[in-house]
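J.: Got a structure for you, written out below as structure tokens; questions coming shortly.
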There are 2 protein chains.
Amino acid sequence: MRNFKLTLCYDGGRYDGWQRQGNSDNTIQGKLETLLSRLLEQSVEVAGSGRTDAGVHALGQVCSFRADTEESCESLLRKIRTYLPEDIGVISLEEAEPRFHARLSCREKTYVYRIWNSEEPNVFERRWMLSHPETLDLEAMREAAHALIGEHDFSTFCANRHMKKTAVRTLKSAQIAARDGEIRISLTADGFLYHMVRIIVGTLIEVGEGKRASTEMRAALAACDRMEAGPTAPAKGLTLWQVRY
Amino acid sequence: MRNFKLTLCYDGGRYDGWQRQGNSDNTIQGKLETLLSRLLEQSVEVAGSGRTDAGVHALGQVCSFRADTEESCESLLRKIRTYLPEDIGVISLEEAEPRFHARLSCREKTYVYRIWNSEEPNVFERRWMLSHPETLDLEAMREAAHALIGEHDFSTFCANRHMKKTAVRTLKSAQIAARDGEIRISLTADGFLYHMVRIIVGTLIEVGEGKRASTEMRAALAACDRMEAGPTAPAKGLTLWQVRY
């Protein structure tokens, strides 16, 4: 059995997220597993670096799979590209060392949330950004985001109320950049909880709107209570940007 | 009657082009005229700087219309933005001098044809580019494009065989730039004939593929014969970039 590492991008707009759901095949994982199983004439299981929600996009999602084949990566890559739908693109396919696993070997991930912050409509990129034409206080948002950096229990920013495993994650950086009408919130961590990026973004937007003080962020984090955070920002603005190993 | 100048962008993918067609309202002009007539409670005719074909996009299309109204541009702009579909965006609305007419006053236009020239798929911008993964000889394409600059009869690059008016246009610049897998062919002229940009691009692609010598371009132009040019490149790669007055 050889082990493969596949890096891909996708426009998540019309998919039910990454994770295969029973018989529904409208997921990225489902599309990949179905295609690889047919191409390689064996049952192939694909492990993603993590799940992305329905409607979330990826610029550099990584997944791994094992298969018994003699085929070269170049040849297999060409076939995969031919048969995948247009909104899923394979950036690279390479052979990985036997112990590599897209999720278990993952060291850190960066998610980027894109906000279109202008009165002018953005016709060409509207599918990948949240439109929020009203002014946002970026300095307050940066202060609030900074308060989250470090190793913390992020339960306040997690939608799964009955988590059995630890909610401790290390947020390594939280940057907010604005250019040409677009605001990008980039979060890098060793891992993310369910809806964590979208809840953090929803809370930061409330700070930017002046509905919530940036100084309240520490207390909200310490409370370990979802009710202390803002709403979950819509999926369409979120992109899994990069996965590092 | 006041005179207005409206600058807009659109994703032309799902429209039957700019020009209103009888009762079909699936055109950009149709959408604008219907909306403006309702908002201003009078029959409004919109004049575009020129027609764009079905599937062609715009980053800076300009149109003008006259209306009997006291409403401020700001207020009217807000209403237009509220009611237009998401794939048509108004960049600005301003009052113009009485003699301004989007088509008749137009001095020059720039069209950009975008080619995605990489084996890697481009998931996020695929709708606005022609995918052409095979290598293109950019230097040959630049030489060929350069031969078209100046004032010429462009009948060779016109799809309308029974044109009564002159086919003489002045091509002011023809630039081919490549960056990060994308090739952009930018053409600026005082005016363009029917399908002119797409036929020039189709011919330049043949040059880039080595199917046609760059040195043949002058003779093709001089022939004033559509049969001497290459195929019409697909609409999806074309964007009306800018209109100057």
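By convention here, the chains of the structure tokens are called A, B, ... in the order presented, each chain's residues are numbered starting at 1, and ligands are numbered starting at 1 in the order presented.
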Enumerate as a PDB file with C-alpha atoms, in the first residue's frame all residues of range 14-245 of chain A assigned to helix (DSSP H, G or I) by DSSP on the backbone, naming them with the chain letters and numbers the document uses.
T.:
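Generated output (result22.pdb):
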```pdb
ATOM      1  CA  ARG A  14     -22.820  24.096  -3.511  1.00  0.00           C
ATOM      2  CA  ILE A  28     -16.065  17.017  -0.985  1.00  0.00           C
ATOM      3  CA  GLN A  29     -14.858  13.866   0.752  1.00  0.00           C
ATOM      4  CA  GLY A  30     -17.633  11.887  -0.921  1.00  0.00           C
ATOM      5  CA  LYS A  31     -16.727  13.173  -4.388  1.00  0.00           C
ATOM      6  CA  LEU A  32     -13.057  12.326  -3.840  1.00  0.00           C
ATOM      7  CA  GLU A  33     -13.650   8.858  -2.393  1.00  0.00           C
ATOM      8  CA  THR A  34     -16.086   7.903  -5.134  1.00  0.00           C
ATOM      9  CA  LEU A  35     -13.723   9.106  -7.850  1.00  0.00           C
ATOM     10  CA  LEU A  36     -10.545   7.568  -6.369  1.00  0.00           C
ATOM     11  CA  SER A  37     -12.281   4.250  -5.713  1.00  0.00           C
ATOM     12  CA  ARG A  38     -13.355   4.089  -9.371  1.00  0.00           C
ATOM     13  CA  LEU A  39     -10.025   5.213 -10.800  1.00  0.00           C
ATOM     14  CA  LEU A  40      -7.985   2.840  -8.626  1.00  0.00           C
ATOM     15  CA  CYS A  73       1.459  10.478  -9.272  1.00  0.00           C
ATOM     16  CA  GLU A  74       1.571  12.448 -12.542  1.00  0.00           C
ATOM     17  CA  SER A  75      -0.726  10.013 -14.320  1.00  0.00           C
ATOM     18  CA  LEU A  76      -3.133   9.723 -11.400  1.00  0.00           C
ATOM     19  CA  LEU A  77      -3.198  13.512 -10.923  1.00  0.00           C
ATOM     20  CA  ARG A  78      -4.147  14.000 -14.575  1.00  0.00           C
ATOM     21  CA  LYS A  79      -7.038  11.565 -14.252  1.00  0.00           C
ATOM     22  CA  ILE A  80      -8.303  13.098 -11.014  1.00  0.00           C
ATOM     23  CA  ARG A  81      -8.249  16.565 -12.579  1.00  0.00           C
ATOM     24  CA  THR A  82     -10.151  15.301 -15.602  1.00  0.00           C
ATOM     25  CA  TYR A  83     -13.003  13.821 -13.628  1.00  0.00           C
ATOM     26  CA  ARG A 126     -19.397  37.983  -3.626  1.00  0.00           C
ATOM     27  CA  ARG A 127     -19.582  34.207  -3.286  1.00  0.00           C
ATOM     28  CA  TRP A 128     -16.516  34.060  -1.028  1.00  0.00           C
ATOM     29  CA  LEU A 138     -10.635  47.752  12.958  1.00  0.00           C
ATOM     30  CA  GLU A 139      -8.478  48.876  15.867  1.00  0.00           C
ATOM     31  CA  ALA A 140     -11.056  47.641  18.368  1.00  0.00           C
ATOM     32  CA  MET A 141     -11.345  44.364  16.450  1.00  0.00           C
ATOM     33  CA  ARG A 142      -7.556  43.933  16.516  1.00  0.00           C
ATOM     34  CA  GLU A 143      -7.464  44.521  20.277  1.00  0.00           C
ATOM     35  CA  ALA A 144     -10.260  42.005  20.788  1.00  0.00           C
ATOM     36  CA  ALA A 145      -8.593  39.418  18.533  1.00  0.00           C
ATOM     37  CA  HIS A 146      -5.270  39.882  20.305  1.00  0.00           C
ATOM     38  CA  SER A 155     -15.477  26.605  24.783  1.00  0.00           C
ATOM     39  CA  THR A 156     -16.974  30.101  24.501  1.00  0.00           C
ATOM     40  CA  PHE A 157     -16.287  29.915  20.776  1.00  0.00           C
ATOM     41  CA  MET A 196     -14.738  28.274  16.269  1.00  0.00           C
ATOM     42  CA  VAL A 197     -13.556  30.591  13.490  1.00  0.00           C
ATOM     43  CA  ARG A 198     -17.075  31.655  12.565  1.00  0.00           C
ATOM     44  CA  ILE A 199     -18.048  32.388  16.197  1.00  0.00           C
ATOM     45  CA  ILE A 200     -14.838  34.354  16.790  1.00  0.00           C
ATOM     46  CA  VAL A 201     -15.525  36.344  13.610  1.00  0.00           C
ATOM     47  CA  GLY A 202     -19.158  36.941  14.574  1.00  0.00           C
ATOM     48  CA  THR A 203     -17.962  38.263  17.939  1.00  0.00           C
ATOM     49  CA  LEU A 204     -15.248  40.432  16.366  1.00  0.00           C
ATOM     50  CA  ILE A 205     -17.829  41.952  14.019  1.00  0.00           C
ATOM     51  CA  GLU A 206     -19.930  42.938  17.046  1.00  0.00           C
ATOM     52  CA  VAL A 207     -16.818  44.605  18.477  1.00  0.00           C
ATOM     53  CA  GLY A 208     -16.236  46.378  15.161  1.00  0.00           C
ATOM     54  CA  SER A 214     -12.913  44.989  22.904  1.00  0.00           C
ATOM     55  CA  THR A 215     -11.983  44.783  26.597  1.00  0.00           C
ATOM     56  CA  GLU A 216     -14.799  42.269  27.221  1.00  0.00           C
ATOM     57  CA  MET A 217     -13.053  39.631  25.132  1.00  0.00           C
ATOM     58  CA  ARG A 218     -10.894  38.225  27.922  1.00  0.00           C
ATOM     59  CA  ALA A 219     -13.866  37.773  30.234  1.00  0.00           C
ATOM     60  CA  ALA A 220     -15.904  36.154  27.459  1.00  0.00           C
ATOM     61  CA  LEU A 221     -13.075  33.696  26.788  1.00  0.00           C
ATOM     62  CA  ALA A 222     -12.627  32.921  30.500  1.00  0.00           C
ATOM     63  CA  ALA A 223     -16.356  32.241  30.932  1.00  0.00           C
ATOM     64  CA  ARG A 226     -21.068  29.941  24.262  1.00  0.00           C
ATOM     65  CA  MET A 227     -23.656  32.501  25.413  1.00  0.00           C
ATOM     66  CA  GLU A 228     -20.856  35.007  26.053  1.00  0.00           C
ATOM     67  CA  ALA A 235     -20.096  30.089   6.115  1.00  0.00           C
ATOM     68  CA  LYS A 236     -19.646  31.782   2.733  1.00  0.00           C
ATOM     69  CA  GLY A 237     -16.971  34.200   4.021  1.00  0.00           C
TER      70      GLY A 237
END
```
J.: Considering only C-alpha atoms, give me a table of residues in chain B that are at most 9 Å from chain A, with the closest atom pair and distance in Å for each, as a Markdown table.
T.:
```
| residue | atom | partner | partner_atom | distance |
| --- | --- | --- | --- | --- |
| B:Cys9 | CA | A:Val123 | CA | 7.0 |
| B:Tyr10 | CA | A:Val123 | CA | 6.2 |
| B:Asp11 | CA | A:Val123 | CA | 6.4 |
| B:Arg78 | CA | A:Glu119 | CA | 8.9 |
| B:Arg81 | CA | A:Pro121 | CA | 7.8 |
| B:Glu86 | CA | A:Val123 | CA | 6.5 |
| B:Asp87 | CA | A:Val123 | CA | 5.1 |
| B:Ile88 | CA | A:Val123 | CA | 6.3 |
| B:Gly89 | CA | A:Pro121 | CA | 5.3 |
| B:Val90 | CA | A:Glu120 | CA | 6.9 |
| B:Ile91 | CA | A:Glu120 | CA | 5.8 |
| B:Ser92 | CA | A:Glu120 | CA | 8.1 |
| B:Glu119 | CA | A:Arg78 | CA | 8.9 |
| B:Glu120 | CA | A:Ile91 | CA | 5.8 |
| B:Pro121 | CA | A:Gly89 | CA | 5.3 |
| B:Asn122 | CA | A:Gly89 | CA | 6.9 |
| B:Val123 | CA | A:Asp87 | CA | 5.1 |
| B:Phe124 | CA | A:Asp11 | CA | 6.5 |
| B:Glu125 | CA | A:Phe124 | CA | 8.5 |
| B:Arg126 | CA | A:Glu86 | CA | 8.0 |
| B:Trp128 | CA | A:Phe124 | CA | 8.8 |
```
J.: Could you check the closest approach to Phe4 in chain B for each of B:Val56, B:Leu104, B:Ala67, B:Leu240 and tell me which residue wins, using only C-alpha atoms?
T.: B:Ala67
J.: Run DSSP on the backbone of this structure and report the residues of range 26-132 of chain A it assigns to strand (DSSP E or B), as a PyMOL selection string.
T.: chain A and resi 47-48+57-67+88-96+108-116+130-131
J.: Between CA of Tyr194 in chain A and CA of Ile176 in chain A, what is the distance, to one decimal in Å?
T.: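 These two atoms are separated by 21.5 Å.
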